[in-house]
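File shown: my_file_7.cif. Contents: mmCIF, C-alpha atoms.
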```
data_target
#
loop_
_atom_site.group_PDB
_atom_site.id
_atom_site.type_symbol
_atom_site.label_atom_id
_atom_site.label_comp_id
_atom_site.auth_asym_id
_atom_site.auth_seq_id
_atom_site.Cartn_x
_atom_site.Cartn_y
_atom_site.Cartn_z
ATOM 1 C CA MET B 8 0.461 -1.580 -2.330
ATOM 2 C CA VAL B 9 0.603 -2.861 1.222
ATOM 3 C CA GLN B 10 3.350 -4.704 3.052
ATOM 4 C CA PRO B 11 1.563 -6.381 5.972
ATOM 5 C CA ALA B 12 3.180 -6.131 9.374
ATOM 6 C CA PRO B 13 4.648 -9.319 10.826
ATOM 7 C CA GLY B 14 1.819 -11.495 12.094
ATOM 8 C CA ALA B 15 -0.854 -9.793 9.960
ATOM 9 C CA GLU B 16 -2.658 -12.079 7.503
ATOM 10 C CA PRO B 17 -3.206 -10.509 4.082
ATOM 11 C CA GLY B 18 -6.706 -11.011 2.779
ATOM 12 C CA PRO B 19 -10.227 -9.624 2.776
ATOM 13 C CA GLY B 20 -10.239 -9.038 6.543
ATOM 14 C CA LEU B 21 -7.126 -6.879 6.463
ATOM 15 C CA ALA B 22 -8.440 -4.999 3.411
ATOM 16 C CA ALA B 23 -11.688 -4.257 5.278
ATOM 17 C CA ASP B 24 -9.702 -3.003 8.288
ATOM 18 C CA LEU B 25 -7.579 -0.738 6.084
ATOM 19 C CA LEU B 26 -10.635 0.709 4.351
ATOM 20 C CA ALA B 27 -12.376 1.217 7.709
ATOM 21 C CA HIS B 28 -9.281 3.134 8.855
ATOM 22 C CA CYS B 29 -9.644 5.443 5.830
ATOM 23 C CA VAL B 30 -13.327 6.326 6.417
ATOM 24 C CA PRO B 31 -12.943 9.018 9.120
ATOM 25 C CA ARG B 32 -9.634 10.308 7.725
ATOM 26 C CA LEU B 33 -10.078 10.624 3.953
ATOM 27 C CA ALA B 34 -12.751 11.811 1.567
ATOM 28 C CA ARG B 35 -14.479 8.878 -0.160
ATOM 29 C CA LEU B 36 -12.900 9.748 -3.512
ATOM 30 C CA LYS B 37 -9.424 9.302 -1.964
ATOM 31 C CA HIS B 38 -10.055 5.770 -0.659
ATOM 32 C CA PRO B 39 -8.024 3.091 -2.438
ATOM 33 C CA ARG B 40 -9.979 1.150 -5.062
ATOM 34 C CA VAL B 41 -7.596 -1.813 -5.027
ATOM 35 C CA ILE B 42 -5.356 -3.117 -2.254
ATOM 36 C CA GLU B 43 -2.451 -5.322 -3.364
ATOM 37 C CA TYR B 44 -0.238 -7.142 -0.897
ATOM 38 C CA ARG B 45 3.520 -7.526 -1.396
ATOM 39 C CA ASP B 46 6.024 -9.398 0.734
ATOM 40 C CA ARG B 47 8.454 -6.478 0.459
ATOM 41 C CA LEU B 48 8.267 -2.954 -0.870
ATOM 42 C CA PRO B 49 11.371 -1.264 -2.309
ATOM 43 C CA ARG B 50 13.271 0.730 0.296
ATOM 44 C CA THR B 51 16.176 3.157 0.256
ATOM 45 C CA PRO B 52 19.369 2.334 2.194
ATOM 46 C CA THR B 53 17.986 4.399 5.101
ATOM 47 C CA GLY B 54 14.774 2.340 5.212
ATOM 48 C CA LYS B 55 12.356 4.810 3.643
ATOM 49 C CA LEU B 56 9.922 3.703 0.953
ATOM 50 C CA SER B 57 11.465 4.236 -2.483
ATOM 51 C CA ARG B 58 8.537 5.717 -4.396
ATOM 52 C CA SER B 59 10.464 6.020 -7.654
ATOM 53 C CA ASN B 60 11.395 2.313 -7.600
ATOM 54 C CA LEU B 61 7.819 1.435 -6.698
ATOM 55 C CA ARG B 62 6.511 3.389 -9.702
ATOM 56 C CA GLU B 63 9.059 1.819 -12.057
ATOM 57 C CA THR B 64 8.329 -1.700 -10.803
ATOM 58 C CA TYR B 65 4.554 -1.735 -10.506
ATOM 59 C CA LEU B 66 3.080 0.962 -12.748
ATOM 60 C CA PRO B 67 2.920 0.411 -16.510
ATOM 61 C CA LEU B 68 4.351 3.168 -18.652
#
```
What's the structure tokens form of this structure?
Amino acid sequence: MVQPAPGAEPGPGLAADLLAHCVPRLARLKHPRVIEYRDRLPRTPTGKLSRSNLRETYLPL
């Protein structure tokens, strides 16, 4: 899940840039297989990403 920065256009170009960013930093098996764009990701009142809400909302049980 990716929330593009203001002014960034979601699409194949941004996905390619994100994957290129991963190449020198992560082992190939840790690269994301799918990149999904969302307008907003769930946040806590302090502004941090709410991982538990993200799991509940987007991952099937």
ask   = Can you tell me, as a PyMOL selection string, what residues are no more than 12 Å from region 59-68 of chain B when counting all atoms listed in the file, ignoring any on the same chain fewer than 2 positions away?
value = chain B and resi 8-9+43+45+47-51+55-57
query = Taking into account only C-alpha atoms, which residue in the set B:Asp46, B:His38, B:Leu33, B:Asp24 is nearest to Pro11 (chain B)?
reply = B:Asp46
Calculate, to one decimal in Å, the centre and edge lengths of the box along x, y and z of the file that holds all listed atoms of region 45-60 of chain B with 6 Å of margin on each side, and present them as lines of an AutoDock Vina configuration file.
```
center_x = 11.4
center_y = -1.7
center_z = -1.2
size_x = 27.8
size_y = 27.4
size_z = 24.9
```
request  = Record the distance separating CA of Cys29 (chain B) and CA of Thr53 (chain B), expressed in Å with one decimal.
outcome  = 27.7 Å
inquiry  = Would you compute the distance between CA of Ala22 (chain B) and CA of Gln10 (chain B)? Give it in Å to one decimal.
reply    =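 Pair CA of Ala22 (chain B) / CA of Gln10 (chain B) returns 11.8 Å.
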key: CA of Glu16 (chain B) to CA of Val30 (chain B), distance in Å rounded to a single decimal   =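 Those two atoms sit 21.3 Å apart.
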